[in-house]
Amino acid sequence: MLALNGGPKVRTHPFPRWPEYDETETLALARALQQGEWGRHGGKEVQAFEREFAEFGSAPAALAVTNGSHALELALELAGIEPGDEVIVPAYTFVATSTAVQRRGGVPVPVDVTPDTFCLDPAGLDAAATDRTRAVIPVHIGGHVADMDAITAWAAARGVTVVQDAAQAHGATWRGKGLGALGSIATFSFQSTKVITAGEGGALLLPDEETFESAWLRHNCGRDRELHLATASSNFRVSELTAALLRAQLARFADQNARRAARYTELAAALGEIPGIRLQGRDPRCTGTPHYMTTFVLDQDELGGLDRDTVALALLMEGIPAFGSHQPLHRTDAFWTGATGGARPEELAERCPNAERVGRDGVLIPHQALLGTRQDVDDVATAVAKVLAELPRDGTPAAV
């Protein structure tokens, strides 16, 4: 019997805590505190983190900022996005991808994702582009890198700026290269759930020193290093305390990522044996991923209308961290706030069937489930098999 209906749970003890921390973080905070300078001007932690994160991402330079949303907004400011400009975004992504465009006064234009990787489908770019298209934002969803070969080539041929939304893709690689080596700005989040976190925070990997200097100016209220107010911008500066935490967390990444990679291989093999689910696919050119989310989609042809939200709830009741995937952009009220072009939700839904499918039938298992033992991932697979076998398949919730 399902735990949802009063039966025994598959798992009664917790998965590894997130974030992982120890005295390393305590000492880092003390080091920053004892400087006597807690903002980046005069302190050493932010600059040190930027050097370390640039090296980590194979970029010429990095800039630390307040959060991932601000990182995207700053990147779009650098791209010169103005009111009325159009920016192509994947229809399946967290809403911050589109709201960053809207906060610049731009128009986000959703394009469908591929049916296997759930990343922006380059095949949809031509149909979405107009003479007002100024940028495209590929999102590396779940840590899987979008098709940067095709997207970069398409953008270069049309004079369109590429901004990578890598909020879920710390340490990801494409053809063996870090995201900072792909010739475009990449933006990151260090929010609480991310694989590198300080609770909040963000960063940009920048393709050259000139772009770094422009970004530095704009993140510093538009003031240059001589405090001359050179342009209108905002304050996106991050604190020394945040940077100190991020340096400690960055040092943990290699070990954590090796653990996640090993456990993901085992979990993917086990889930692959369960009828009725389809795992997010992997383009072989994506040579590294942090496995931020293990995502699978319910195959409704095989499962006969099984309710996704009930599946996620049933897994939670079995002791497994599981959540329904976020909605496609056009299914959120936030997307329709401000200028979003002339299309309506059902029209966009028709254009973006893959995003619709993932948003409706996708289930997410967060990365901390991969930080423990083989038994941990076996419990995940056991619970998924149990829930899919025992839930009613007529689209109605199980009795509680």
# chains A, B, ... in the order shown; residues from 1 in each chain; ligands from 1
$ closest_atom_pairs --of "segment 55-169 of chain A" --to "segment 254-263 of chain A" --cutoff "12 Å" --atoms "only C-alpha atoms" --output "tab-separated table"
residue	atom	partner	partner_atom	distance
A:Phe56	CA	A:Ala254	CA	10.2
A:Gly143	CA	A:Asn257	CA	11.5
A:Ala169	CA	A:Asn257	CA	11.5
$ write_last_selection --atoms "C-alpha atoms" --output "PDB file, in the first residue's frame"
ATOM      1  CA  PHE A  56      36.408  27.268 -12.688  1.00  0.00           C
ATOM      2  CA  GLY A 143      22.636  21.299 -15.815  1.00  0.00           C
ATOM      3  CA  ALA A 169      24.730  24.469 -14.812  1.00  0.00           C
TER       4      ALA A 169
END
$ closest_atom_pairs --of "segment 205-300 of chain A" --to "segment 69-83 of chain A" --cutoff "9 Å" --atoms "only C-alpha atoms" --output "Markdown table"
| residue | atom | partner | partner_atom | distance |
| --- | --- | --- | --- | --- |
| A:Thr211 | CA | A:Leu78 | CA | 7.9 |
| A:Ser214 | CA | A:Leu78 | CA | 7.4 |
| A:Ala215 | CA | A:Leu78 | CA | 6.8 |
| A:Arg218 | CA | A:Leu74 | CA | 7.5 |
| A:His219 | CA | A:Leu74 | CA | 7.4 |
| A:Ser233 | CA | A:Glu77 | CA | 8.6 |
| A:Phe236 | CA | A:His70 | CA | 6.8 |
$ select_by_dssp --residues "segment 173-291 of chain A" --states "helix (DSSP H, G or I)" --output "number ranges by chain"
A: 179-181, 209-219, 240-271
$ select_by_dssp --residues "segment 146-380 of chain A" --states "strand (DSSP E)" --output "PyMOL selection string"
chain A and resi 161-165+173-174+177-178+185-189+202-206+277-279+286-288+293-298+323-324+362-366
$ atom_distance --atom1 "atom CA of Glu302 of chain A" --atom2 "atom CA of Ala389 of chain A"
11.7 Å
$ residues_around --residues "Val46 of chain A" --least-positions-apart "5" --cutoff "7 Å" --atoms "only C-alpha atoms" --output "PDB file with N, CA and C atoms, in the first residue's frame"
ATOM      1  N   ARG A  40      32.513  45.026  -1.216  1.00  0.00           N
ATOM      2  CA  ARG A  40      33.617  44.664  -2.106  1.00  0.00           C
ATOM      3  C   ARG A  40      34.678  45.752  -2.199  1.00  0.00           C
ATOM      4  N   ALA A  64      30.963  38.910  -9.721  1.00  0.00           N
ATOM      5  CA  ALA A  64      29.992  38.458  -8.731  1.00  0.00           C
ATOM      6  C   ALA A  64      28.921  39.532  -8.542  1.00  0.00           C
ATOM      7  N   GLU A 240      31.186  40.919   0.895  1.00  0.00           N
ATOM      8  CA  GLU A 240      32.361  40.114   1.188  1.00  0.00           C
ATOM      9  C   GLU A 240      31.986  38.818   1.918  1.00  0.00           C
ATOM     10  N   ALA A 243      30.737  36.333  -0.646  1.00  0.00           N
ATOM     11  CA  ALA A 243      31.851  35.821  -1.449  1.00  0.00           C
ATOM     12  C   ALA A 243      32.695  34.823  -0.674  1.00  0.00           C
TER      13      ALA A 243
END
$ closest_residue --among "A:Val107, A:Ala155, A:Val358, A:Val145" --to "Leu120 of chain A" --atoms "only C-alpha atoms"
A:Val145
$ residues_around --residues "segment 251-253 of chain A" --least-positions-apart "2" --cutoff "12 Å" --atoms "only C-alpha atoms" --output "PyMOL selection string"
chain A and resi 19-22+24-25+28+49+52-53+56+170-172+194-197+244-249+255-261+289-290+371
$ closest_residue --among "A:Gly304, A:Gly176, A:Gly362, A:Pro321" --to "Arg285 of chain A" --atoms "only C-alpha atoms"
A:Gly176
$ atom_distance --atom1 "atom CA of Ser98 of chain A" --atom2 "atom CA of His326 of chain A"
13.6 Å
$ residues_around --residues "Thr130 of chain A" --least-positions-apart "3" --cutoff "12 Å" --atoms "only C-alpha atoms" --output "PyMOL selection string"
chain A and resi 84-88+107+109+125-127+133-135+158+160+341
$ closest_residue --among "A:Leu182, A:Cys352, A:Val101, A:Ala383" --to "Leu4 of chain A" --atoms "only C-alpha atoms"
A:Ala383
$ residues_around --residues "Ala270 of chain A" --least-positions-apart "5" --cutoff "9 Å" --atoms "only C-alpha atoms" --output "JSON, numbers by chain"
{"A": [265, 377, 378, 381, 382]}
$ write_last_selection --atoms "C-alpha atoms" --output "compact mmCIF listing (two decimals), in the first residue's frame"
# COMPACT_ATOMS: atom_id res chain seq x y z
CA THR A 265 24.66 6.82 -13.49
CA VAL A 377 19.29 6.06 -5.28
CA ASP A 378 17.92 2.52 -5.03
CA ALA A 381 13.90 3.98 -7.97
CA THR A 382 11.97 1.63 -5.67
